[in-house]
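A quick write-up on the structure given underneath.
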Amino acid sequence: QVQLVESGGGLVQAGGSLRLSCAASGRTFKPYAMGWFRQAPGKEREFVAAINWSGTNTDYADSVKGRFTISRDNAKNTVYLQMDSVKPEDTAVYYCAADTRRLFSVRVPRKPDEYNLWGQGTQVTVSS
């Protein structure tokens with residue numbers, strides 16, 4: 001079984017940067033698409049970014065495009081979310097997710113129900 005563990009969250013000032021990591025343990029996660037989602041209090045979980053298994057395809061929510069960058073290092077079984085020029089509205093719990101049902105796919109899923117494995121989340125708070 002693959003398990004996902006997020007880290008790197010914390011408190012950051014608006015305009016600053018933060019890098020989130022999602023480490024996979026257990027069986028290799030290399031053939032899976034990975035995604036980042038976030039959920040603010042009182043709101044639904046929303047898509048942030050996704051990357052296919054090889055890192056050749058990425059997708060971003062319009063709200064983070066040009067500010068956030070998703071990447072992966074399959075040798076380290078880790079996916080990253082580099083967050084630059086953060087805004088107070090980026091405050092949320094950030095979750096990484098894996099689509100382990102489709103292997104070696106070029107797809108970069110955007111919907112939560114397209115992912116079947118989730119981490120526990122890491123809190124990101126952006127102060128104004």
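Numbering starts fresh at 1 for the residues of each chain in the structure tokens, the chains themselves are lettered A, B, ... in the order given, and ligands are numbered from 1 as they appear.
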Practice item. Mind checking which residues fall within 7 Å of Ser127 of chain A, counting only C-alpha atoms, ignoring those fewer than 2 positions away in the same chain, and posting them as a ChimeraX atom specification? Key: /A:12-14,88,125
Check your understanding: Quick one: of A:Ala92, A:Leu20, A:Val48, A:Val79, who's nearest to Pro109 of chain A, counting only C-alpha atoms?
Key ->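 Distance minimum relative to Pro109 of chain A lands on A:Val48.
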Exercise for review: Run DSSP on the backbone of this structure and report the residues of segment 16-103 of chain A it assigns to strand (DSSP E), as a PyMOL selection string.
Suggested key: chain A and resi 18-25+33-39+46-51+58-60+68-73+78-83+92-99
Exercise for review: Rank nothing, just name the residue among A:Gly121, A:Pro41, A:Gly10, A:Gly35 nearest to Asn57 of chain A, using only C-alpha atoms.
Suggested key: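 Nearest candidate to Asn57 of chain A out of A:Gly121, A:Pro41, A:Gly10, A:Gly35: A:Gly35.
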Exercise for review: Please provide as an MDAnalysis selection string all residues within 9 Å of Ser7 of chain A, with the sequence filter that same-chain residues fewer than 5 positions apart are discarded (counting only C-alpha atoms).
Suggested key: chainID A and resid 19:23 121:123
Using N, CA and C atoms, can you write the selected residues to a file as a PDB file, in the first residue's frame?
```pdb
ATOM      1  N   ARG A  19       7.164  25.943   0.056  1.00  0.00           N
ATOM      2  CA  ARG A  19       7.205  24.735  -0.767  1.00  0.00           C
ATOM      3  C   ARG A  19       6.637  23.565   0.025  1.00  0.00           C
ATOM      4  N   LEU A  20       5.596  22.976  -0.521  1.00  0.00           N
ATOM      5  CA  LEU A  20       5.002  21.794   0.066  1.00  0.00           C
ATOM      6  C   LEU A  20       5.603  20.542  -0.569  1.00  0.00           C
ATOM      7  N   SER A  21       5.728  19.514   0.244  1.00  0.00           N
ATOM      8  CA  SER A  21       6.217  18.220  -0.246  1.00  0.00           C
ATOM      9  C   SER A  21       5.200  17.146   0.085  1.00  0.00           C
ATOM     10  N   CYS A  22       5.142  16.139  -0.766  1.00  0.00           N
ATOM     11  CA  CYS A  22       4.286  14.982  -0.533  1.00  0.00           C
ATOM     12  C   CYS A  22       5.138  13.751  -0.797  1.00  0.00           C
ATOM     13  N   ALA A  23       5.462  13.049   0.263  1.00  0.00           N
ATOM     14  CA  ALA A  23       6.312  11.870   0.144  1.00  0.00           C
ATOM     15  C   ALA A  23       5.459  10.611   0.165  1.00  0.00           C
ATOM     16  N   GLY A 121      -3.044  16.002   4.882  1.00  0.00           N
ATOM     17  CA  GLY A 121      -3.157  17.449   4.744  1.00  0.00           C
ATOM     18  C   GLY A 121      -2.123  18.208   5.559  1.00  0.00           C
ATOM     19  N   THR A 122      -1.807  19.404   5.086  1.00  0.00           N
ATOM     20  CA  THR A 122      -0.913  20.307   5.800  1.00  0.00           C
ATOM     21  C   THR A 122      -1.471  21.718   5.724  1.00  0.00           C
ATOM     22  N   GLN A 123      -1.454  22.411   6.844  1.00  0.00           N
ATOM     23  CA  GLN A 123      -2.081  23.736   6.916  1.00  0.00           C
ATOM     24  C   GLN A 123      -1.147  24.797   6.348  1.00  0.00           C
TER      25      GLN A 123
END
```
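If you measure from each of A:Val126, A:Ala24, A:Cys96, A:Val5 to Asn74 of chain A using only C-alpha atoms, the closest one turns out to be A:Ala24.
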Point to revise | Selection near segment 98-106 of chain A, 8 Å with only C-alpha atoms, sequence-local residues under 5 positions removed, as an NGL selection string | key: :A and (29 or 31-35 or 52-54 or 56-57 or 114-118)
Emit the selected residues as a CSV table (one decimal), in the first residue's frame, including all heavy atoms.
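Done, and the output landed in again-v2.csv:
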```csv
chain,number,residue,atom,x,y,z
A,29,PHE,N,5.4,4.9,-6.4
A,29,PHE,CA,4.3,5.7,-6.9
A,29,PHE,C,4.5,6.2,-8.2
A,29,PHE,O,3.8,7.0,-8.8
A,29,PHE,CB,3.9,6.8,-5.9
A,29,PHE,CG,4.7,8.1,-6.1
A,29,PHE,CD1,4.1,9.3,-6.0
A,29,PHE,CD2,6.1,8.1,-6.3
A,29,PHE,CE1,4.8,10.5,-6.1
A,29,PHE,CE2,6.8,9.2,-6.5
A,29,PHE,CZ,6.2,10.5,-6.4
A,31,PRO,N,4.2,5.4,-11.4
A,31,PRO,CA,3.3,5.4,-12.6
A,31,PRO,C,2.1,6.2,-12.4
A,31,PRO,O,1.2,6.2,-13.2
A,31,PRO,CB,3.0,3.9,-12.8
A,31,PRO,CG,3.8,3.1,-11.8
A,31,PRO,CD,4.2,4.1,-10.7
A,32,TYR,N,1.9,6.9,-11.2
A,32,TYR,CA,0.7,7.5,-10.9
A,32,TYR,C,0.6,9.0,-11.2
A,32,TYR,O,1.6,9.7,-11.0
A,32,TYR,CB,0.3,7.4,-9.4
A,32,TYR,CG,0.5,6.0,-8.9
A,32,TYR,CD1,1.0,5.7,-7.6
A,32,TYR,CD2,0.1,4.9,-9.6
A,32,TYR,CE1,1.1,4.5,-7.1
A,32,TYR,CE2,0.3,3.6,-9.1
A,32,TYR,CZ,0.8,3.4,-7.8
A,32,TYR,OH,0.9,2.1,-7.3
A,33,ALA,N,-0.5,9.5,-11.6
A,33,ALA,CA,-0.7,11.0,-11.6
A,33,ALA,C,-0.9,11.4,-10.2
A,33,ALA,O,-1.4,10.7,-9.3
A,33,ALA,CB,-2.0,11.3,-12.4
A,34,MET,N,-0.4,12.6,-9.9
A,34,MET,CA,-0.5,13.2,-8.6
A,34,MET,C,-1.2,14.6,-8.6
A,34,MET,O,-1.0,15.3,-9.6
A,34,MET,CB,0.9,13.4,-7.9
A,34,MET,CG,1.7,12.1,-7.8
A,34,MET,SD,1.0,11.0,-6.6
A,34,MET,CE,1.3,11.9,-5.1
A,35,GLY,N,-1.9,14.9,-7.6
A,35,GLY,CA,-2.5,16.2,-7.6
A,35,GLY,C,-2.4,16.9,-6.2
A,35,GLY,O,-2.2,16.2,-5.2
A,52,ASN,N,1.2,14.5,-14.4
A,52,ASN,CA,1.1,13.1,-14.8
A,52,ASN,C,2.3,12.4,-14.3
A,52,ASN,O,3.3,12.9,-13.7
A,52,ASN,CB,0.9,13.0,-16.3
A,52,ASN,CG,2.2,13.2,-17.0
A,52,ASN,OD1,3.0,14.1,-16.7
A,52,ASN,ND2,2.5,12.4,-18.0
A,53,TRP,N,2.3,11.0,-14.5
A,53,TRP,CA,3.3,10.2,-13.9
A,53,TRP,C,4.8,10.5,-14.2
A,53,TRP,O,5.6,10.4,-13.4
A,53,TRP,CB,3.0,8.7,-14.3
A,53,TRP,CG,3.4,8.4,-15.7
A,53,TRP,CD1,2.7,8.6,-16.8
A,53,TRP,CD2,4.7,7.8,-16.1
A,53,TRP,NE1,3.4,8.1,-17.9
A,53,TRP,CE2,4.6,7.7,-17.5
A,53,TRP,CE3,5.8,7.3,-15.4
A,53,TRP,CZ2,5.7,7.1,-18.2
A,53,TRP,CZ3,6.9,6.8,-16.1
A,53,TRP,CH2,6.8,6.7,-17.5
A,54,SER,N,5.0,11.0,-15.4
A,54,SER,CA,6.3,11.3,-15.9
A,54,SER,C,6.7,12.7,-15.7
A,54,SER,O,7.9,13.1,-15.9
A,54,SER,CB,6.5,10.9,-17.3
A,54,SER,OG,5.6,11.7,-18.1
A,56,THR,N,5.6,15.2,-17.5
A,56,THR,CA,5.6,15.9,-18.8
A,56,THR,C,4.3,16.7,-19.0
A,56,THR,O,4.3,17.7,-19.8
A,56,THR,CB,5.6,14.9,-20.0
A,56,THR,OG1,4.6,13.9,-19.8
A,56,THR,CG2,7.0,14.2,-20.0
A,57,ASN,N,3.2,16.4,-18.2
A,57,ASN,CA,2.0,17.2,-18.3
A,57,ASN,C,1.6,17.7,-16.9
A,57,ASN,O,1.7,17.0,-15.9
A,57,ASN,CB,0.9,16.3,-18.8
A,57,ASN,CG,1.0,16.0,-20.3
A,57,ASN,OD1,1.7,16.7,-21.0
A,57,ASN,ND2,0.4,14.9,-20.7
A,114,GLU,N,-11.5,11.6,-9.0
A,114,GLU,CA,-10.6,10.9,-9.9
A,114,GLU,C,-9.3,10.4,-9.2
A,114,GLU,O,-8.5,9.7,-9.8
A,114,GLU,CB,-10.2,11.8,-11.0
A,114,GLU,CG,-11.4,12.2,-11.9
A,114,GLU,CD,-10.9,13.0,-13.1
A,114,GLU,OE1,-10.7,14.2,-12.9
A,114,GLU,OE2,-10.8,12.4,-14.2
A,115,TYR,N,-9.2,10.7,-7.9
A,115,TYR,CA,-8.1,10.3,-7.1
A,115,TYR,C,-8.6,9.3,-6.0
A,115,TYR,O,-9.6,9.5,-5.4
A,115,TYR,CB,-7.4,11.5,-6.4
A,115,TYR,CG,-6.7,12.4,-7.4
A,115,TYR,CD1,-7.4,13.4,-8.1
A,115,TYR,CD2,-5.4,12.2,-7.7
A,115,TYR,CE1,-6.8,14.2,-9.0
A,115,TYR,CE2,-4.7,13.0,-8.6
A,115,TYR,CZ,-5.4,14.0,-9.3
A,115,TYR,OH,-4.8,14.9,-10.2
A,116,ASN,N,-7.8,8.3,-5.7
A,116,ASN,CA,-8.2,7.3,-4.8
A,116,ASN,C,-7.3,7.2,-3.6
A,116,ASN,O,-7.6,6.4,-2.7
A,116,ASN,CB,-8.3,5.9,-5.5
A,116,ASN,CG,-7.0,5.4,-6.0
A,116,ASN,OD1,-6.3,6.2,-6.6
A,116,ASN,ND2,-6.7,4.2,-5.7
A,117,LEU,N,-6.3,8.0,-3.5
A,117,LEU,CA,-5.4,7.9,-2.4
A,117,LEU,C,-5.1,9.4,-1.9
A,117,LEU,O,-4.7,10.2,-2.8
A,117,LEU,CB,-4.1,7.2,-2.7
A,117,LEU,CG,-3.1,6.9,-1.6
A,117,LEU,CD1,-3.7,6.0,-0.5
A,117,LEU,CD2,-1.8,6.3,-2.1
A,118,TRP,N,-5.2,9.6,-0.6
A,118,TRP,CA,-5.1,11.0,-0.1
A,118,TRP,C,-4.1,11.0,1.1
A,118,TRP,O,-4.1,10.1,1.9
A,118,TRP,CB,-6.4,11.5,0.3
A,118,TRP,CG,-7.3,11.8,-0.8
A,118,TRP,CD1,-8.1,10.8,-1.5
A,118,TRP,CD2,-7.6,13.0,-1.5
A,118,TRP,NE1,-8.8,11.4,-2.5
A,118,TRP,CE2,-8.5,12.7,-2.6
A,118,TRP,CE3,-7.0,14.3,-1.4
A,118,TRP,CZ2,-8.9,13.7,-3.4
A,118,TRP,CZ3,-7.5,15.3,-2.3
A,118,TRP,CH2,-8.4,15.0,-3.3
```
Point to revise | Two-atom distance - atom CA of Lys111 of chain A, atom CA of Phe37 of chain A (Å) | key: 9.3 Å
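Of note, atom CA of Gly55 of chain A and atom CA of Tyr95 of chain A are spaced 18.7 Å apart.
Here the residues within chain A that DSSP labels helix (DSSP H, G or I) on the basis of the backbone are Asn74, Ala75, Lys76, Pro88, Glu89, Asp90, Pro112, Asp113 and Glu114 of chain A.
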